[in-house]
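Q: If you scroll down you'll find the structure; I have some questions about it.
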Amino acid sequence: MHYLISIAGLVIVLLLAWLGSNNKKKIKYRPIIVMIAIQIGLGLIILKTSIGEFLIKGFADSFAKLLGYANEGTDFVFGGIANEGAHTFFLYVLMPIVFMSALIGILQHYRILPFIIKYIGLVLSKINGMGKLESYNAVAAAIVGQNEVFISVKNQLGLLPKHRLYTLCASAMSTVSMSIVGSYMTMLEPRYVVAALILNLFGGFIISSIINPYEVTPEEDIVEVQVEEKQTFFEMLGEYIMDGFKVAIVVGVMLVGFVGIIALINGLFSGIFGISFQGILGYVFAPIAFLIGVPWHEAVDAGSIMATKLVANEFVAMLDFVKIQDGLSGRTTAIVSVFLISFANFGSIGTIVGAVKGLNEKQGNIVARFGLKLLFGATLVSVLSALIIGIIF
């Protein structure tokens with residue numbers, strides 16, 4: 001029965017994207033069908049085969065070791081501040097972002113990441129029927145982050161028409177950066193984090209191909225990656241370490257504000273209506289959770305977490321999810337975990353607008369105008385990825 005519900009949900013998601021399409025006549029259906037089949041195939045490999053289990057274990061073990069190295073630095077600087085045996089979110093979830101950012105900087109400095117991103121992007125462009133720039137941008141965003149990716153293509157940013165700009169921004173909002181992946185793995189099962197990273201990559205192409213279809217001419221189909229100004233190794237390392245620290249601080253401050261505000265609103269709603277704000281959101285989002293594949297008796301709890309991610313951010317939602325996931329079925333845990341792995345929330349609209357505007361004010365203003373449609377598309381990507389997990393689980 002749940003297969004039928006998930007398939008019905010898949011049809012509804014594609015229909016919603018179709019209804020929001022800028023040009024329904026230009027939609028290319030063959031690449032969309034191929035990419036959905038690839039999503040299902042990759043999902044099965046990751047979650048249902050010994051090969052996938054081996055790869056995920058290797059990936060998770062590697063990140064565990066990296067987080068261990070990161071914690072060496074954290075313990076050296078902050079040792080004695082945290083209570084003995086206590087888990088301090090800022091120190092052991094956010095501070096590893098600094099180490100991961102430094103590692104990404106090293107791979108960038110020696111031109112390893114640009115090489116990987118470029119050629120993966122070229123392969124993907126053959127599958128998705130989109131331009132090389134769009135494919136490059138999607139892979140780059142999943143590695144370096146939704147803000148930094150625009151810096152790498154800033155030479156072309158001012159020349160892009162509105163429709164191509166939308167696709168680039170949608171890809172950035174639909175993915176997460178590798179510097180934060182380790183932090184997610186401290187709260188969610190690594191196999192679901194990896195599955196979401198891969199599914200979101202293709203999901204971004206699928207939804208953008210429906211909402212925002214267009215043709216790219218051979219003359220336009222070029223990628224001009226901005227080469228960073230030559231720095232010494234230690235100049236680069238210091239810069240990336242500081243960038244990682246800024247991200248950790250920003251995320252931490254946002255959590256302080258969001259968690260506090262949500263607690264306040266929950267208190268007001270509970271006092272006036274006898275039910276928390278998140279409880280109400282749970283009932284609103286329960287049908288969506290059910291269509292994704294969550295059993296109805298768990299749909300309200302799952303819907304509340306999904307709504308929290310949308311109105312706040314994924315970290316706030318994960319913190320709430322960790323508190324209840326032991327009482328949920330494995331199926332619901334898988335679906336909600338995959339849904340949470342993206343930057344699709346209201347706050348990301350401002351983040352992306354600011355990133356683009358900092359490089360090109362005119363293009364930043366254009367992005368601001370389609371900000372809600374950007375969030376609509378990125379949210380559909382998260383729903384689509386969760387649906388795929390619901391189908392194969």
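The chains in the structure tokens are called A, B, ... from first to last as shown; in each chain the residues are counted from 1, and the ligands are counted from 1 in the order shown.
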Considering only C-alpha atoms, tabulate each residue of segment 91-199 of chain A that lies at most 7 Å from segment 26-32 of chain A along with its nearest interatomic pair and the corresponding distance in Å to one decimal; arrange the rows by chain and ascending residue number and present them as a Markdown table.

A:
```
| residue | atom | partner | partner_atom | distance |
| --- | --- | --- | --- | --- |
| A:Ile127 | CA | A:Pro31 | CA | 6.6 |
| A:Asn128 | CA | A:Pro31 | CA | 5.4 |
| A:Gly129 | CA | A:Pro31 | CA | 6.3 |
```

Q: Can you spit out the residues from that selection as an mmCIF file, in the first residue's frame, using C-alpha atoms?

A:
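part_15.cif written:
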```
data_model
loop_
_atom_site.group_PDB
_atom_site.id
_atom_site.type_symbol
_atom_site.label_atom_id
_atom_site.label_comp_id
_atom_site.auth_asym_id
_atom_site.auth_seq_id
_atom_site.Cartn_x
_atom_site.Cartn_y
_atom_site.Cartn_z
ATOM 1 C CA ILE A 127 22.487 13.139 -18.591
ATOM 2 C CA ASN A 128 20.372 16.088 -17.539
ATOM 3 C CA GLY A 129 20.134 17.877 -20.876
#
```

Q: With only C-alpha atoms as the counted atoms, please give the residues lying no more than 7 Å from Ala140 of chain A, apart from itself and same-chain residues fewer than 4 positions off, as a PyMOL selection string.

A: chain A and resi 117+136+144+149

Q: Where does segment 122-192 of chain A meet segment 91-108 of chain A within 8 Å, residue by residue, with the nearest atom pair and distance in Å to one decimal for each, counting only C-alpha atoms, listed by chain and rising number, as CSV?

A:
```
residue,atom,partner,partner_atom,distance
A:Val144,CA,A:Ile104,CA,7.4
A:Met178,CA,A:Met100,CA,7.6
A:Ser179,CA,A:Met100,CA,4.8
A:Ile180,CA,A:Ile97,CA,5.8
A:Gly182,CA,A:Pro96,CA,7.5
A:Ser183,CA,A:Val93,CA,4.9
A:Tyr184,CA,A:Val93,CA,7.9
A:Thr186,CA,A:Val93,CA,6.8
```

Q: May I have the residues from that selection written out with C-alpha atoms, as a compact mmCIF listing (two decimals), in the first residue's frame?

A:
```txt
# COMPACT_ATOMS: atom_id res chain seq x y z
CA VAL A 144 32.02 24.33 -1.49
CA MET A 178 30.71 19.31 2.42
CA SER A 179 32.04 21.44 5.28
CA ILE A 180 28.74 20.90 7.14
CA GLY A 182 30.22 16.00 9.16
CA SER A 183 28.06 18.04 11.54
CA TYR A 184 24.91 16.45 10.12
CA THR A 186 26.65 13.63 14.39
```

Q: From the list A:Phe277, A:Lys323, A:Glu361, A:Ser329, which residue is nearest Glu298 of chain A when using only C-alpha atoms?

A: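 Under the stated criterion, the closest residue is A:Ser329.
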
Q: Please, what distance in Å, to one decimal, runs between atom CA of Ser382 of chain A and atom CA of Asn212 of chain A?

A: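 Atom CA of Asn212 of chain A lies at a distance of 17.2 Å from atom CA of Ser382 of chain A.
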
Q: As number ranges by chain, please: the residues near segment 1-4 of chain A (cut-off 12 Å, only C-alpha atoms, same-chain neighbours under 4 positions excluded).

A: A: 8-11, 290-296, 331-332, 387-393

Q: Give me the residues near Gly158 of chain A as a list in words, where near means some atom within 9 Å (using only C-alpha atoms) and where sequence neighbours in that chain fewer than 4 positions away do not count.

A: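 Skipping anything fewer than 4 positions along the chain leaves Lys154, Leu359, Asn360, Lys362 and Gln363 of chain A.
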
Q: Residues within 12 Å of Leu47 of chain A, please, as a PyMOL selection string. Count only C-alpha atoms; anything in the same chain fewer than 6 positions from it doesn't count.

A: chain A and resi 39-41+53-57+189-196+331+334+388-393

Q: Using the selection just defined, write its residues with N, CA and C atoms as a compact mmCIF listing (two decimals), in the first residue's frame.

A:
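Written file, part-v6.txt:
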```
# COMPACT_ATOMS: atom_id res chain seq x y z
N GLN A 39 17.88 8.14 -9.82
CA GLN A 39 17.68 8.34 -8.38
C GLN A 39 17.27 7.04 -7.69
N ILE A 40 16.30 6.36 -8.27
CA ILE A 40 15.82 5.11 -7.68
C ILE A 40 16.94 4.07 -7.66
N GLY A 41 17.67 3.97 -8.77
CA GLY A 41 18.77 3.01 -8.85
C GLY A 41 19.86 3.29 -7.83
N GLU A 53 26.41 -0.53 1.35
CA GLU A 53 26.74 -0.58 2.78
C GLU A 53 28.24 -0.40 2.99
N PHE A 54 29.04 -1.04 2.14
CA PHE A 54 30.49 -0.92 2.23
C PHE A 54 30.94 0.53 1.97
N LEU A 55 30.38 1.14 0.91
CA LEU A 55 30.75 2.52 0.56
C LEU A 55 30.34 3.50 1.65
N ILE A 56 29.11 3.32 2.18
CA ILE A 56 28.63 4.22 3.23
C ILE A 56 29.48 4.07 4.49
N LYS A 57 29.83 2.83 4.82
CA LYS A 57 30.66 2.61 6.01
C LYS A 57 32.02 3.29 5.84
N GLU A 189 21.80 9.42 10.73
CA GLU A 189 22.55 8.26 10.23
C GLU A 189 23.30 8.64 8.96
N PRO A 190 24.60 8.33 8.89
CA PRO A 190 25.41 8.71 7.72
C PRO A 190 24.84 8.25 6.39
N ARG A 191 24.22 7.05 6.35
CA ARG A 191 23.73 6.55 5.06
C ARG A 191 22.62 7.43 4.51
N TYR A 192 21.82 8.04 5.39
CA TYR A 192 20.76 8.92 4.92
C TYR A 192 21.33 10.27 4.47
N VAL A 193 22.39 10.70 5.12
CA VAL A 193 23.05 11.95 4.71
C VAL A 193 23.63 11.79 3.31
N VAL A 194 24.33 10.67 3.09
CA VAL A 194 24.93 10.41 1.77
C VAL A 194 23.84 10.26 0.71
N ALA A 195 22.79 9.52 1.03
CA ALA A 195 21.69 9.34 0.07
C ALA A 195 21.10 10.68 -0.32
N ALA A 196 20.90 11.56 0.66
CA ALA A 196 20.31 12.87 0.38
C ALA A 196 21.22 13.71 -0.52
N ARG A 331 11.36 3.51 8.74
CA ARG A 331 10.91 4.13 7.48
C ARG A 331 10.75 5.64 7.63
N ALA A 334 14.11 7.39 8.04
CA ALA A 334 14.83 7.53 6.76
C ALA A 334 14.26 8.67 5.93
N ILE A 388 11.62 9.34 -2.97
CA ILE A 388 12.41 8.24 -3.54
C ILE A 388 12.81 7.26 -2.42
N ILE A 389 13.21 7.81 -1.28
CA ILE A 389 13.55 6.95 -0.14
C ILE A 389 12.31 6.16 0.32
N GLY A 390 11.15 6.83 0.32
CA GLY A 390 9.91 6.14 0.70
C GLY A 390 9.56 5.00 -0.23
N ILE A 391 9.87 5.18 -1.51
CA ILE A 391 9.56 4.14 -2.50
C ILE A 391 10.46 2.92 -2.34
N ILE A 392 11.75 3.16 -2.06
CA ILE A 392 12.71 2.05 -2.06
C ILE A 392 12.93 1.46 -0.66
N PHE A 393 12.46 2.13 0.41
CA PHE A 393 12.79 1.66 1.76
C PHE A 393 12.14 0.32 2.05
```

Q: To one decimal place, how far is atom CA of Leu168 of chain A from atom CA of Ala138 of chain A in Å?

A: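 One can read the atom CA of Leu168 of chain A to atom CA of Ala138 of chain A distance as 7.2 Å.
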
Q: Between A:Lys246, A:Gly377, A:Met130, A:Ser342, which has the minimum distance to Glu215 of chain A (counting only C-alpha atoms)?

A: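 The closest residue to Glu215 of chain A is A:Met130.
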
Q: Can you work out which one of A:Leu380, A:Ile198, A:Val367, A:Ala355 has the shortest atom-to-atom distance to Glu148 of chain A, counting only C-alpha atoms?

A: A:Ala355
